[in-house]
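**Q** Below is entry.pdb; it holds PDB, C-alpha atoms.
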ATOM      1  CA  MET A   1      85.121 117.172  91.863  1.00  0.00           C
ATOM      2  CA  THR A   2      84.852 120.915  92.315  1.00  0.00           C
ATOM      3  CA  MET A   3      84.620 123.505  89.533  1.00  0.00           C
ATOM      4  CA  TYR A   4      88.195 124.574  90.165  1.00  0.00           C
ATOM      5  CA  GLU A   5      89.533 121.011  90.073  1.00  0.00           C
ATOM      6  CA  PHE A   6      87.741 120.477  86.780  1.00  0.00           C
ATOM      7  CA  ILE A   7      89.217 123.650  85.306  1.00  0.00           C
ATOM      8  CA  ARG A   8      92.729 122.873  86.549  1.00  0.00           C
ATOM      9  CA  ASP A   9      93.093 119.356  85.202  1.00  0.00           C
ATOM     10  CA  GLY A  10      90.459 119.255  82.447  1.00  0.00           C
ATOM     11  CA  SER A  11      89.037 115.950  83.628  1.00  0.00           C
ATOM     12  CA  GLY A  12      85.608 115.147  84.930  1.00  0.00           C
ATOM     13  CA  LEU A  13      82.225 114.591  83.413  1.00  0.00           C
ATOM     14  CA  LEU A  14      79.790 117.178  82.202  1.00  0.00           C
ATOM     15  CA  GLY A  15      76.956 115.062  83.507  1.00  0.00           C
ATOM     16  CA  ASP A  16      74.061 113.706  81.572  1.00  0.00           C
ATOM     17  CA  PRO A  17      72.685 115.855  78.782  1.00  0.00           C
ATOM     18  CA  PRO A  18      69.371 117.540  79.529  1.00  0.00           C
ATOM     19  CA  GLU A  19      66.224 115.464  79.208  1.00  0.00           C
ATOM     20  CA  ASP A  20      63.095 116.464  77.349  1.00  0.00           C
ATOM     21  CA  ASN A  21      61.705 118.233  80.428  1.00  0.00           C
ATOM     22  CA  MET A  22      63.630 121.384  79.462  1.00  0.00           C
ATOM     23  CA  THR A  23      62.924 121.228  75.733  1.00  0.00           C
ATOM     24  CA  ASN A  24      59.833 123.452  75.786  1.00  0.00           C
ATOM     25  CA  TYR A  25      61.128 125.898  78.348  1.00  0.00           C
ATOM     26  CA  SER A  26      64.703 127.036  78.674  1.00  0.00           C
ATOM     27  CA  PRO A  27      65.294 129.309  81.670  1.00  0.00           C
ATOM     28  CA  THR A  28      67.707 132.133  81.049  1.00  0.00           C
ATOM     29  CA  ILE A  29      70.558 132.766  83.456  1.00  0.00           C
ATOM     30  CA  LEU A  30      72.796 135.798  83.737  1.00  0.00           C
ATOM     31  CA  TYR A  31      76.219 134.928  85.155  1.00  0.00           C
ATOM     32  CA  ILE A  32      78.421 137.760  86.402  1.00  0.00           C
ATOM     33  CA  ASP A  33      82.079 137.062  87.161  1.00  0.00           C
ATOM     34  CA  ASP A  34      85.190 139.086  86.391  1.00  0.00           C
ATOM     35  CA  GLU A  35      87.305 135.918  86.044  1.00  0.00           C
ATOM     36  CA  SER A  36      86.952 135.042  82.355  1.00  0.00           C
ATOM     37  CA  ASP A  37      87.964 131.360  82.695  1.00  0.00           C
ATOM     38  CA  GLN A  38      85.420 130.775  85.442  1.00  0.00           C
ATOM     39  CA  ARG A  39      82.743 132.708  83.542  1.00  0.00           C
ATOM     40  CA  MET A  40      83.256 130.777  80.289  1.00  0.00           C
ATOM     41  CA  PHE A  41      83.463 127.409  82.044  1.00  0.00           C
ATOM     42  CA  LEU A  42      80.269 127.666  84.076  1.00  0.00           C
ATOM     43  CA  ALA A  43      78.399 129.307  81.186  1.00  0.00           C
ATOM     44  CA  ALA A  44      79.333 126.384  78.920  1.00  0.00           C
ATOM     45  CA  LEU A  45      78.193 123.848  81.500  1.00  0.00           C
ATOM     46  CA  LEU A  46      74.902 125.653  82.057  1.00  0.00           C
ATOM     47  CA  GLU A  47      74.284 125.780  78.301  1.00  0.00           C
ATOM     48  CA  TYR A  48      75.071 122.075  78.066  1.00  0.00           C
ATOM     49  CA  ARG A  49      72.449 121.491  80.763  1.00  0.00           C
ATOM     50  CA  GLY A  50      69.860 123.291  78.650  1.00  0.00           C
ATOM     51  CA  TYR A  51      69.872 126.805  80.072  1.00  0.00           C
ATOM     52  CA  GLY A  52      70.079 129.977  78.052  1.00  0.00           C
ATOM     53  CA  VAL A  53      73.078 131.894  79.400  1.00  0.00           C
ATOM     54  CA  ARG A  54      74.277 135.471  79.127  1.00  0.00           C
ATOM     55  CA  THR A  55      77.434 136.622  80.851  1.00  0.00           C
ATOM     56  CA  ALA A  56      78.854 139.865  82.153  1.00  0.00           C
ATOM     57  CA  ARG A  57      82.256 140.589  83.628  1.00  0.00           C
ATOM     58  CA  GLY A  58      81.148 143.358  85.972  1.00  0.00           C
ATOM     59  CA  ALA A  59      78.220 144.947  87.733  1.00  0.00           C
ATOM     60  CA  LEU A  60      77.697 147.784  85.265  1.00  0.00           C
ATOM     61  CA  ASP A  61      77.632 145.406  82.285  1.00  0.00           C
ATOM     62  CA  ALA A  62      75.158 143.198  84.153  1.00  0.00           C
ATOM     63  CA  LEU A  63      72.840 146.084  84.988  1.00  0.00           C
ATOM     64  CA  GLU A  64      72.759 147.113  81.324  1.00  0.00           C
ATOM     65  CA  LEU A  65      71.636 143.576  80.401  1.00  0.00           C
ATOM     66  CA  ILE A  66      69.023 143.426  83.148  1.00  0.00           C
ATOM     67  CA  VAL A  67      67.420 146.640  81.930  1.00  0.00           C
ATOM     68  CA  THR A  68      66.956 145.215  78.416  1.00  0.00           C
ATOM     69  CA  GLU A  69      66.451 141.467  78.986  1.00  0.00           C
ATOM     70  CA  ARG A  70      64.558 139.190  81.354  1.00  0.00           C
ATOM     71  CA  PHE A  71      66.426 136.567  83.396  1.00  0.00           C
ATOM     72  CA  ASP A  72      64.996 133.729  85.445  1.00  0.00           C
ATOM     73  CA  ALA A  73      68.115 133.499  87.581  1.00  0.00           C
ATOM     74  CA  VAL A  74      71.233 135.548  88.155  1.00  0.00           C
ATOM     75  CA  ILE A  75      74.506 134.131  89.438  1.00  0.00           C
ATOM     76  CA  VAL A  76      76.701 136.845  90.924  1.00  0.00           C
ATOM     77  CA  ASP A  77      80.308 136.563  92.020  1.00  0.00           C
ATOM     78  CA  TYR A  78      80.870 138.311  95.344  1.00  0.00           C
ATOM     79  CA  GLU A  79      84.190 139.900  94.373  1.00  0.00           C
ATOM     80  CA  LEU A  80      83.567 142.213  91.426  1.00  0.00           C
ATOM     81  CA  PRO A  81      85.717 145.199  90.436  1.00  0.00           C
ATOM     82  CA  ASP A  82      82.949 147.805  90.451  1.00  0.00           C
ATOM     83  CA  MET A  83      80.846 146.747  93.488  1.00  0.00           C
ATOM     84  CA  THR A  84      80.318 143.693  95.643  1.00  0.00           C
ATOM     85  CA  GLY A  85      78.002 140.925  94.570  1.00  0.00           C
ATOM     86  CA  ALA A  86      75.768 141.770  97.539  1.00  0.00           C
ATOM     87  CA  GLN A  87      75.457 145.379  96.358  1.00  0.00           C
ATOM     88  CA  LEU A  88      74.732 144.192  92.829  1.00  0.00           C
ATOM     89  CA  ALA A  89      72.077 141.794  94.160  1.00  0.00           C
ATOM     90  CA  GLN A  90      70.285 144.752  95.734  1.00  0.00           C
ATOM     91  CA  GLU A  91      70.349 146.632  92.418  1.00  0.00           C
ATOM     92  CA  ILE A  92      69.140 143.569  90.509  1.00  0.00           C
ATOM     93  CA  ARG A  93      66.305 142.985  92.967  1.00  0.00           C
ATOM     94  CA  ALA A  94      65.109 146.567  92.409  1.00  0.00           C
ATOM     95  CA  LEU A  95      65.065 146.074  88.612  1.00  0.00           C
ATOM     96  CA  GLU A  96      63.937 142.439  88.407  1.00  0.00           C
ATOM     97  CA  PRO A  97      62.086 141.493  91.623  1.00  0.00           C
ATOM     98  CA  SER A  98      61.199 137.993  90.421  1.00  0.00           C
ATOM     99  CA  ALA A  99      64.747 136.964  89.457  1.00  0.00           C
ATOM    100  CA  ARG A 100      66.332 134.279  91.589  1.00  0.00           C
ATOM    101  CA  ILE A 101      69.745 135.493  92.721  1.00  0.00           C
ATOM    102  CA  ILE A 102      72.620 133.189  93.651  1.00  0.00           C
ATOM    103  CA  LEU A 103      75.724 134.692  95.243  1.00  0.00           C
ATOM    104  CA  PHE A 104      79.048 132.907  94.598  1.00  0.00           C
ATOM    105  CA  SER A 105      81.689 133.605  97.199  1.00  0.00           C
ATOM    106  CA  GLY A 106      85.016 132.213  98.283  1.00  0.00           C
ATOM    107  CA  ARG A 107      83.890 132.832 101.848  1.00  0.00           C
ATOM    108  CA  PRO A 108      81.852 130.109 103.560  1.00  0.00           C
ATOM    109  CA  HIS A 109      80.204 132.613 105.898  1.00  0.00           C
ATOM    110  CA  LEU A 110      79.041 136.111 105.061  1.00  0.00           C
ATOM    111  CA  PRO A 111      77.315 138.587 107.360  1.00  0.00           C
ATOM    112  CA  ALA A 112      73.510 138.319 107.202  1.00  0.00           C
ATOM    113  CA  GLY A 113      73.300 141.808 105.719  1.00  0.00           C
ATOM    114  CA  GLU A 114      75.304 140.641 102.709  1.00  0.00           C
ATOM    115  CA  LEU A 115      72.686 137.971 101.991  1.00  0.00           C
ATOM    116  CA  THR A 116      69.567 140.130 102.299  1.00  0.00           C
ATOM    117  CA  TYR A 117      68.858 140.300  98.559  1.00  0.00           C
ATOM    118  CA  VAL A 118      70.019 136.831  97.520  1.00  0.00           C
ATOM    119  CA  ASP A 119      68.080 133.587  97.374  1.00  0.00           C
ATOM    120  CA  ALA A 120      71.105 131.309  97.792  1.00  0.00           C
ATOM    121  CA  HIS A 121      74.773 131.538  98.707  1.00  0.00           C
ATOM    122  CA  ILE A 122      77.146 129.011  97.167  1.00  0.00           C
ATOM    123  CA  VAL A 123      80.761 128.766  98.242  1.00  0.00           C
ATOM    124  CA  LYS A 124      83.158 128.744  95.307  1.00  0.00           C
ATOM    125  CA  GLY A 125      84.693 125.334  94.992  1.00  0.00           C
ATOM    126  CA  SER A 126      81.393 123.562  95.734  1.00  0.00           C
ATOM    127  CA  LEU A 127      80.486 120.493  93.745  1.00  0.00           C
ATOM    128  CA  LEU A 128      78.984 121.226  90.348  1.00  0.00           C
ATOM    129  CA  ASP A 129      75.978 119.075  91.175  1.00  0.00           C
ATOM    130  CA  ASP A 130      75.279 121.346  94.163  1.00  0.00           C
ATOM    131  CA  VAL A 131      75.327 124.363  91.865  1.00  0.00           C
ATOM    132  CA  PHE A 132      72.931 122.729  89.393  1.00  0.00           C
ATOM    133  CA  GLU A 133      70.617 121.496  92.160  1.00  0.00           C
ATOM    134  CA  THR A 134      70.479 124.976  93.686  1.00  0.00           C
ATOM    135  CA  ILE A 135      69.532 126.512  90.345  1.00  0.00           C
ATOM    136  CA  ARG A 136      66.957 123.819  89.654  1.00  0.00           C
ATOM    137  CA  GLY A 137      65.459 124.203  93.125  1.00  0.00           C
ATOM    138  CA  LEU A 138      65.219 127.989  92.910  1.00  0.00           C
ATOM    139  CA  LEU A 139      63.548 127.755  89.515  1.00  0.00           C
ATOM    140  CA  GLU A 140      61.338 124.895  90.733  1.00  0.00           C
ATOM    141  CA  LEU A 141      62.327 122.665  87.836  1.00  0.00           C
ATOM    142  CA  PRO A 142      61.950 118.881  87.936  1.00  0.00           C
ATOM    143  CA  ALA A 143      65.051 116.864  88.786  1.00  0.00           C
ATOM    144  CA  VAL A 144      67.109 115.469  85.909  1.00  0.00           C
ATOM    145  CA  HIS A 145      67.673 111.724  86.180  1.00  0.00           C
TER
END
What would you get if you wrote out this structure as structure tokens?

**A**
Amino acid sequence: MTMYEFIRDGSGLLGDPPEDNMTNYSPTILYIDDESDQRMFLAALLEYRGYGVRTARGALDALELIVTERFDAVIVDYELPDMTGAQLAQEIRALEPSARIILFSGRPHLPAGELTYVDAHIVKGSLLDDVFETIRGLLELPAVH
């Protein structure tokens, strides 16, 4: 089931709750998306999985947070009202070089130049498990069983 299918019909499973391996350390994720339903949904799922989550609806809001807080990973929607996700990734990389940046896009293929400052590109509509595995892999966290 994709994120959008889950949102549309309200069914699906949240997955297993986090195990003790994330109890002592809770990575913090910044999720930037101008679509409020999508932003709230994925933020809730990430929190359920044991991550600390902050959200922003646009690039300027996100940059304000990045200046004042530290994030282990940043999930950026490609289509933002004030700049593209690729442009925002470049700005984030300048401010927080160690952050892992994931670009969400409705496009399965983006020009290589659009991916220069991102660590992973996930196509919107991908399986939730793929999203969680990508985050876990980028943060080098142990797999949840």

**Q** Give me the result of the PyMOL selection byres ((chain A and resi 86) around 12) on this file, residue by residue, as a ChimeraX atom specification.

**A** /A:59,75-80,82-85,87-93,101-105,110-121

**Q** With the PyMOL selection byres ((chain A and resi 69-72) around 6) as the selection, what would be picked from this file? Answer as a list in words, please.

**A**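 On this input, the PyMOL selection byres ((chain A and resi 69-72) around 6) captures Pro27, Thr28, Ile29, Leu65, Ile66, Thr68, Ala73 and Ala99 of chain A.
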
**Q** Give the answer as one residue: which of A:Ser126, A:Glu64, A:Ser98, A:Ser36 has the shortest atom-to-atom distance to Leu138 of chain A, using all atoms listed in the file?

**A** A:Ser98

**Q** At a cut-off of 6 Å, using all atoms listed in the file, what residues contact Ile32 of chain A? Leave out same-chain residues fewer than 3 positions from it and give the result as a PyMOL selection string.

**A** chain A and resi 55-57+76

**Q** Rounded to one decimal place, report the atom CA of Ser26 of chain A-atom CA of Tyr51 of chain A distance in Å.

**A**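 Between atom CA of Ser26 of chain A and atom CA of Tyr51 of chain A the gap works out to 5.4 Å.
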
**Q** To one decimal place, how far is atom CA of Asp129 of chain A from atom CA of Leu45 of chain A in Å?

**A**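 Going from atom CA of Asp129 of chain A over to atom CA of Leu45 of chain A, I get 11.0 Å.
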
**Q** Take every atom of segment 73-82 of chain A listed in the file, pad by 4 Å on each side, and give me the axis-aligned box centre and edge lengths in Å, one decimal, as lines of an AutoDock Vina configuration file.

**A**
center_x = 76.9
center_y = 140.7
center_z = 91.5
size_x = 25.6
size_y = 22.3
size_z = 15.8

**Q** Suppose you want the space between atom CA of Gly106 of chain A and atom CA of Arg136 of chain A; what is it in Å?

**A** 21.7 Å

**Q** Can you work out which one of A:Leu128, A:Ile122, A:Glu96, A:His109 has the shortest atom-to-atom distance to Phe41 of chain A, counting only C-alpha atoms?

**A**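 Nearest to Phe41 of chain A: A:Leu128.
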
**Q** Point out the residue among A:Leu46, A:Val67, A:Leu30, A:Leu60 with the least atom-to-atom distance to Phe132 of chain A, counting only C-alpha atoms.

**A**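 So, comparing all the options, the nearest one is A:Leu46.
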
**Q** Looking at A:Tyr25, A:Leu139, A:Val131, A:Leu95, which one is nearest to Gly52 of chain A, with distances taken over all atoms listed in the file?

**A** A:Tyr25
